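Okay, query05.txt is below, compact mmCIF, C-alpha atoms:
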```txt
# COMPACT_ATOMS: atom_id res chain seq x y z
CA MET U 255 11.90 -23.05 4.93
CA ALA U 256 8.83 -24.57 3.33
CA SER U 257 5.42 -25.78 4.33
CA SER U 258 2.87 -27.73 2.34
CA ALA U 259 -0.60 -26.31 2.36
CA LYS U 260 -3.99 -26.70 0.80
CA ARG U 261 -4.93 -23.58 -1.03
CA ARG U 262 -8.50 -22.67 -1.83
CA ALA U 263 -10.18 -19.83 -3.68
CA VAL U 264 -11.15 -17.03 -1.30
CA GLY U 265 -12.43 -13.51 -1.85
CA LEU U 266 -9.71 -10.94 -1.18
CA GLY U 267 -10.83 -7.55 -2.37
CA GLU U 268 -12.90 -8.82 -5.28
CA ASN U 269 -16.62 -8.18 -5.49
CA PRO U 270 -18.35 -11.14 -7.17
CA GLU U 271 -21.07 -8.83 -8.45
CA GLU U 272 -18.49 -6.86 -10.42
CA ASN U 273 -16.67 -9.83 -11.90
CA GLU U 274 -16.14 -9.50 -15.62
CA ASN U 275 -17.54 -12.99 -16.09
CA SER U 276 -20.86 -11.94 -14.63
CA SER U 277 -23.95 -13.23 -16.42
CA ASP U 278 -25.46 -9.71 -16.57
CA GLU U 279 -24.42 -9.47 -20.19
CA ASN U 280 -26.84 -12.28 -21.13
CA PRO U 281 -29.86 -11.95 -18.85
CA GLU U 282 -32.01 -14.09 -21.13
CA ASP U 283 -29.86 -17.13 -20.30
CA ASP U 284 -30.15 -16.74 -16.54
CA ASP U 285 -33.09 -19.10 -16.06
CA ASP U 286 -31.45 -21.93 -17.97
CA SER U 287 -27.92 -21.63 -16.71
CA GLY U 288 -28.33 -20.29 -13.14
CA GLU U 289 -28.30 -23.65 -11.42
CA GLU U 290 -25.48 -24.95 -13.61
CA ASP U 291 -23.37 -21.83 -12.99
CA SER U 292 -23.98 -22.16 -9.25
CA GLU U 293 -22.73 -25.74 -9.24
CA ALA U 294 -19.69 -24.81 -11.33
CA SER U 295 -18.89 -21.91 -9.00
CA GLU U 296 -19.12 -24.17 -5.95
CA ASP U 297 -16.82 -26.72 -7.57
CA GLU U 298 -14.31 -23.99 -8.36
CA ILE U 299 -14.30 -22.62 -4.81
CA ASN U 300 -13.83 -26.08 -3.32
CA GLU U 301 -10.91 -26.94 -5.56
CA GLU U 302 -7.74 -27.64 -3.57
CA VAL U 303 -4.16 -27.32 -4.78
CA VAL U 304 -1.02 -28.31 -2.88
CA VAL U 305 1.36 -25.37 -2.60
CA ASP U 306 4.83 -25.12 -1.03
CA PHE U 307 5.70 -21.89 0.78
CA GLU U 308 9.14 -20.62 1.72
CA ALA U 309 10.56 -17.58 3.50
CA HIS U 310 12.57 -14.87 1.78
CA THR U 311 14.39 -11.75 2.89
CA ILE U 312 12.14 -8.70 2.61
CA SER U 313 12.88 -6.49 -0.41
CA GLY U 314 11.48 -3.43 -2.16
CA ASN U 315 9.54 -5.68 -4.53
CA ASP U 316 7.39 -6.75 -1.58
CA PHE U 317 5.97 -3.27 -0.90
CA ASN U 318 2.49 -3.84 -2.34
CA GLY U 319 2.09 -7.28 -0.79
CA ILE U 320 3.13 -6.17 2.70
CA LYS U 321 1.00 -3.04 2.54
CA LYS U 322 -2.05 -5.10 1.52
CA LEU U 323 -1.57 -7.36 4.55
CA LEU U 324 -1.15 -4.38 6.86
CA GLN U 325 -4.40 -2.96 5.53
CA GLN U 326 -6.01 -6.32 6.26
CA LEU U 327 -4.94 -5.85 9.89
CA PHE U 328 -5.66 -2.15 10.40
CA LEU U 329 -8.67 -1.88 8.08
CA LYS U 330 -9.92 1.74 8.21
CA ALA U 331 -7.87 2.78 11.23
CA HIS U 332 -5.85 5.98 10.80
CA VAL U 333 -2.44 4.34 10.35
CA ASN U 334 0.00 5.22 7.56
CA THR U 335 0.54 1.70 6.20
CA SER U 336 2.73 2.99 3.34
CA GLU U 337 5.22 4.50 5.78
CA MET U 338 5.11 1.39 7.95
CA THR U 339 5.80 -0.79 4.92
CA ASP U 340 8.81 1.37 4.01
CA ILE U 341 10.23 0.92 7.51
CA ILE U 342 9.73 -2.85 7.38
CA ILE U 343 11.60 -2.97 4.09
CA GLN U 344 14.41 -0.69 5.32
CA GLN U 345 15.07 -2.91 8.37
CA ASN U 346 15.03 -6.14 6.38
CA HIS U 347 17.72 -7.68 8.60
CA VAL U 348 14.72 -8.50 10.81
CA GLY U 349 11.73 -10.29 9.31
CA SER U 350 10.72 -12.40 6.31
CA VAL U 351 8.08 -12.69 3.61
CA ILE U 352 6.26 -15.87 2.60
CA LYS U 353 6.17 -16.68 -1.10
CA GLN U 354 5.28 -19.68 -3.21
CA ALA U 355 8.30 -21.95 -3.52
CA GLU U 356 7.99 -22.72 -7.22
CA VAL U 357 5.77 -21.10 -9.82
CA PRO U 358 5.52 -22.90 -13.21
CA GLU U 359 6.93 -20.77 -16.03
CA ASP U 360 3.81 -21.27 -18.12
CA SER U 361 1.46 -20.28 -15.29
CA ASP U 362 -0.87 -17.39 -16.06
CA ASP U 363 -2.48 -17.24 -12.64
CA ASP U 364 0.37 -16.95 -10.16
CA ASP U 365 2.70 -14.01 -9.55
CA PRO U 366 6.15 -15.33 -8.52
CA ASP U 367 6.60 -12.25 -6.30
CA GLU U 368 3.20 -12.49 -4.62
CA VAL U 369 3.47 -12.09 -0.85
CA PHE U 370 1.31 -14.61 1.02
CA GLY U 371 2.45 -13.41 4.44
CA PHE U 372 5.21 -11.66 6.36
CA ILE U 373 6.68 -11.27 9.83
CA SER U 374 8.61 -8.36 11.32
CA MET U 375 9.23 -6.43 14.54
CA LEU U 376 8.82 -2.65 14.64
CA ASN U 377 10.50 -0.95 17.63
CA LEU U 378 7.96 1.62 18.80
CA THR U 379 10.26 3.14 21.42
CA GLU U 380 13.27 3.69 19.16
CA ARG U 381 11.06 5.18 16.43
CA LYS U 382 9.22 7.58 18.69
CA GLY U 383 7.91 10.55 16.71
CA VAL U 384 7.57 8.64 13.42
CA GLN U 385 4.05 9.20 12.08
CA CYS U 386 2.91 5.60 11.68
CA VAL U 387 4.39 4.64 15.06
CA GLU U 388 2.56 7.42 16.86
CA GLU U 389 -0.66 6.50 15.01
CA VAL U 390 -0.38 2.87 16.13
CA LYS U 391 0.20 3.94 19.74
CA GLU U 392 -2.79 6.29 19.55
CA LEU U 393 -4.93 3.52 18.08
CA ILE U 394 -3.98 1.03 20.79
CA GLY U 395 -4.24 3.60 23.59
CA GLY U 396 -7.60 4.92 22.39
CA GLN U 397 -9.13 1.47 22.03
CA CYS U 398 -7.76 0.44 25.41
CA GLU U 399 -9.41 3.46 27.05
CA LYS U 400 -12.74 2.55 25.44
CA ASN U 401 -12.69 -1.21 25.94
CA ALA U 402 -10.59 -2.07 28.99
CA PRO U 403 -10.67 -1.25 32.72
CA HIS U 404 -8.97 1.99 33.71
CA ILE U 405 -6.15 0.12 35.45
CA VAL U 406 -5.23 -1.55 32.17
CA THR U 407 -5.10 1.82 30.39
CA GLU U 408 -2.78 3.16 33.09
CA GLN U 409 -0.50 0.12 32.78
CA LEU U 410 -0.37 0.49 29.00
CA GLU U 411 0.56 4.19 29.27
CA GLN U 412 3.36 3.32 31.69
CA ILE U 413 4.73 0.70 29.31
CA PHE U 414 4.66 3.07 26.31
CA ASN U 415 6.24 5.93 28.29
CA ASP U 416 9.08 3.97 29.88
CA THR U 417 11.93 4.45 27.38
CA SER U 418 14.26 2.26 29.46
CA LYS U 419 12.18 -0.78 28.45
CA PRO U 420 11.67 -0.63 24.65
CA VAL U 421 8.40 -1.87 23.18
CA GLY U 422 8.29 -3.76 19.88
CA LEU U 423 5.24 -4.21 17.65
CA LEU U 424 5.22 -7.81 16.42
CA LEU U 425 3.60 -7.99 12.98
CA SER U 426 2.76 -11.46 11.70
CA GLU U 427 0.23 -11.36 8.88
CA ARG U 428 -0.76 -13.84 6.20
CA PHE U 429 -3.67 -14.75 3.98
CA ILE U 430 -6.28 -16.87 5.71
CA ASN U 431 -5.57 -19.93 3.53
CA VAL U 432 -1.89 -20.14 4.54
CA PRO U 433 -1.57 -22.82 7.27
CA PRO U 434 -0.39 -22.03 10.83
CA GLN U 435 2.53 -24.47 10.46
CA ILE U 436 4.40 -21.78 8.54
CA ALA U 437 4.42 -19.66 11.72
CA LEU U 438 6.90 -21.91 13.54
CA PRO U 439 9.94 -21.39 11.26
CA LEU U 440 9.04 -17.72 10.78
CA HIS U 441 8.92 -16.96 14.50
CA LYS U 442 12.03 -19.04 15.13
CA GLN U 443 13.97 -17.14 12.49
CA LEU U 444 12.67 -13.80 13.77
CA GLN U 445 13.89 -14.58 17.29
CA GLU U 446 17.33 -15.46 15.91
CA GLU U 447 17.43 -12.24 13.90
CA MET U 448 16.36 -10.22 16.94
CA ALA U 449 19.15 -11.79 19.01
CA GLU U 450 21.70 -10.98 16.30
CA ALA U 451 20.41 -7.40 16.05
CA GLN U 452 20.77 -7.01 19.80
CA ARG U 453 24.29 -8.47 19.70
CA THR U 454 25.30 -5.92 17.06
CA ASN U 455 23.52 -3.12 18.97
CA LYS U 456 20.87 -2.45 16.33
CA PRO U 457 17.68 -0.75 17.64
CA SER U 458 15.37 -3.41 16.24
CA GLY U 459 16.87 -6.01 18.57
CA ARG U 460 16.17 -4.25 21.87
CA CYS U 461 12.62 -5.08 22.98
CA HIS U 462 11.58 -5.56 26.60
CA TYR U 463 7.90 -5.89 25.68
CA CYS U 464 6.22 -7.24 22.59
CA VAL U 465 2.85 -5.85 21.46
CA MET U 466 0.58 -7.78 19.10
CA ILE U 467 -2.68 -6.85 17.42
CA SER U 468 -4.41 -10.10 16.45
CA LYS U 469 -7.38 -10.66 14.18
CA THR U 470 -10.06 -12.44 16.23
CA CYS U 471 -13.80 -13.03 16.06
CA LYS U 472 -16.63 -14.25 18.26
CA GLU U 473 -20.14 -15.54 17.80
CA ALA U 474 -22.50 -12.72 16.87
CA THR U 475 -25.15 -14.00 19.28
CA LYS U 476 -22.93 -13.86 22.35
CA ASN U 477 -22.80 -10.73 24.46
CA ILE U 478 -19.41 -10.03 25.96
CA PRO U 479 -18.80 -7.27 28.56
CA ALA U 480 -17.42 -4.13 26.91
CA ARG U 481 -14.65 -3.65 29.46
CA GLY U 482 -12.74 -6.85 30.05
CA GLY U 483 -13.84 -9.92 31.95
CA ALA U 484 -14.45 -11.99 28.83
CA PRO U 485 -13.22 -15.57 28.92
CA LYS U 486 -10.51 -16.42 26.40
CA ASP U 487 -12.53 -19.11 24.66
CA GLU U 488 -15.18 -16.59 23.58
CA TYR U 489 -12.75 -15.40 20.89
CA LEU U 490 -11.35 -17.37 17.97
CA PHE U 491 -7.93 -16.37 16.63
CA ILE U 492 -7.74 -16.13 12.84
CA ASN U 493 -4.02 -16.95 13.12
CA ALA U 494 -4.49 -19.93 15.41
CA GLU U 495 -0.96 -19.89 16.89
CA GLU U 496 -1.49 -16.41 18.36
CA GLU U 497 -3.55 -17.94 21.15
CA PHE U 498 -0.23 -19.05 22.67
CA PHE U 499 0.87 -15.41 22.78
CA TYR U 500 -2.45 -14.52 24.42
CA GLU U 501 -1.82 -17.06 27.18
CA GLN U 502 1.50 -15.40 28.05
CA ALA U 503 0.29 -11.79 27.77
CA THR U 504 0.31 -9.72 30.94
CA LEU U 505 -2.01 -7.09 29.45
CA LYS U 506 -4.80 -7.80 26.96
CA PHE U 507 -8.07 -6.42 25.65
CA HIS U 508 -10.38 -6.68 22.64
CA TYR U 509 -12.11 -4.14 20.42
CA SER U 510 -14.69 -4.52 17.69
CA VAL U 511 -13.99 -3.70 14.03
CA GLN U 512 -17.49 -4.60 12.89
CA GLU U 513 -18.12 -1.13 11.47
CA GLU U 514 -14.71 -0.93 9.79
CA ALA U 515 -14.53 -4.38 8.24
CA ASP U 516 -14.74 -4.38 4.45
CA LEU U 517 -16.74 -7.46 3.47
CA CYS U 518 -14.49 -8.22 0.51
CA LEU U 519 -11.36 -8.01 2.64
CA SER U 520 -12.38 -9.57 5.92
CA GLY U 521 -14.79 -12.13 4.52
CA ARG U 522 -18.11 -13.32 5.89
CA TRP U 523 -16.80 -14.68 9.16
CA SER U 524 -18.55 -17.94 9.95
CA PHE U 525 -17.48 -21.22 11.47
CA ASP U 526 -19.79 -24.22 11.11
CA ASP U 527 -22.50 -21.88 9.83
CA VAL U 528 -22.31 -19.76 13.00
CA PRO U 529 -22.19 -16.01 12.19
CA MET U 530 -19.16 -14.27 13.65
CA LYS U 531 -18.25 -10.66 14.45
CA PRO U 532 -14.70 -9.42 13.70
CA PHE U 533 -12.51 -8.07 16.51
CA ARG U 534 -8.94 -7.10 17.17
CA THR U 535 -7.20 -8.42 20.27
CA VAL U 536 -4.29 -6.42 21.68
CA MET U 537 -1.70 -8.24 23.78
CA VAL U 538 1.41 -7.07 25.62
CA ILE U 539 3.91 -9.87 26.21
CA PRO U 540 7.18 -9.54 28.19
CA ALA U 541 10.11 -10.56 25.98
CA ASP U 542 11.32 -13.07 28.58
CA ARG U 543 8.15 -15.12 27.95
CA MET U 544 9.01 -15.71 24.30
CA PRO U 545 10.88 -18.99 25.00
CA ALA U 546 7.73 -20.45 26.58
CA ILE U 547 5.72 -19.37 23.54
CA MET U 548 8.27 -20.91 21.18
CA ASP U 549 8.04 -24.18 23.09
CA LYS U 550 4.26 -24.17 22.56
CA LEU U 551 4.68 -23.42 18.87
CA LYS U 552 7.11 -26.32 18.51
CA GLU U 553 4.76 -28.65 20.39
CA PHE U 554 1.66 -27.90 18.36
CA LEU U 555 2.97 -26.82 14.95
CA THR U 556 5.82 -29.22 14.22
CA VAL U 557 4.97 -31.10 11.02
```
Can the structure from this file be put into structure tokens for me?
Amino acid sequence: MASSAKRRAVGLGENPEENENSSDENPEDDDDSGEEDSEASEDEINEEVVVDFEAHTISGNDFNGIKKLLQQLFLKAHVNTSEMTDIIIQQNHVGSVIKQAEVPEDSDDDDPDEVFGFISMLNLTERKGVQCVEEVKELIGGQCEKNAPHIVTEQLEQIFNDTSKPVGLLLSERFINVPPQIALPLHKQLQEEMAEAQRTNKPSGRCHYCVMISKTCKEATKNIPARGGAPKDEYLFINAEEEFFYEQATLKFHYSVQEEADLCLSGRWSFDDVPMKPFRTVMVIPADRMPAIMDKLKEFLTV
């Protein structure tokens, strides 16, 4: 399972002002070299390298990479990402990690075990009482109460409380420079693994509803009603394919993470020089709508 992609330098947790190559050590050279350094920096950022990605079974070696991507999703929310990562690793019969297909032996820059993305399904109903599961449910429920009509909050509570219809949390995270085409084989494989888990009566395979928390953003200058009513096209999905899940969702709402977003982690969101504000979009999708979503993924993401 591989996908070619153009990879560019992006800031992920690194503060340029604290870079060890900073010119602060030689302030007397700043006037002469400032413009030249700026041009060199721009050239470096715009450099593109073709990289092949492939999916692997999740293992203990992927702990740090998966946890970092979970933190990218939850930011400063009170969710035990370490415990969640442990669960994802323990149930590795469901889910995959994305890694670089081939790393040159003489490469000093690339870690062969670096995780560029992952996909998994966490059964919230079967793992009731587990700390990170309860924290995720509290996060979703609390944000729904603040940002959605009361009827939506009631519907969400009913879904979470109905143990006869298990709810799964679909986690599909990757670095922003990994192309959406990789999502098609990952989701296809996940659906096959879920079906096999259900056939063998494993808890991870029984999901009546699928919940997703997507990274989205909207133009900073646009005012959107706090409690629903916002048109879909006001929001841009960072993982572009997740818009197809949004279309099939029977319950959905958005909440701002502007105050939580770490600049070095979330980036300066802008598209075509338009400033953007970061959000999270919560969607509840009935499992029987997954085939329609897969058809859309195949239509738009087949290379």
6 Å contact set for region 456-465 of chain U, only C-alpha atoms, chain neighbours under 6 positions out, as a PyMOL selection string: chain U and resi 377+419-424+448+537-541
Surrounding residues of Glu446 (chain U) excluding itself and chain neighbours under 5 positions, 12 Å, all atoms listed in the file, as a list of chain:residue names: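 Returned residues: U:His347, U:Val348, U:Gly349, U:Pro439, U:Leu440, U:His441, U:Ala451, U:Gln452, U:Arg453, U:Gly459, U:Met544, U:Pro545, U:Met548.
For Gln325 (chain U), the list of residues within 10 Å, based on only C-alpha atoms and with local chain neighbours fewer than 3 positions off taken out, reads Ile320, Lys321, Lys322, Phe328, Leu329, Lys330, Ala331, Val333, Asn334, Thr335, Ser336 and Leu519 of chain U.
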Please, what is the axis-aligned box for every listed atom of region 500-508 of chain U with 6 Å on each side, as centre and edge lengths in Å to one decimal, as AutoDock Vina command-line options?
```
--center_x -4.4 --center_y -11.7 --center_z 26.8 --size_x 23.9 --size_y 22.6 --size_z 20.3
```
Coordinates-based distance that separates CA of Ala515 (chain U) from CA of Gln326 (chain U) (Å, one decimal):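 Distance between the two atoms: 9.0 Å.
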Residue contacts of Gln512 (chain U) (9 Å, only C-alpha atoms) excluding same-chain residues fewer than 3 positions away, as number ranges by chain: U: 515-516, 531-533
U:Lys391, U:Lys550, U:Arg534, U:Lys442 ranked by distance to Ile373 (chain U), top pick (using all atoms listed in the file): U:Lys442
U:Val511, U:Ala546, U:Val305, U:Val536 ranked by distance to Pro433 (chain U), top pick (using all atoms listed in the file):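 Residue with the minimum atom-to-atom distance to Pro433 (chain U): U:Val305.
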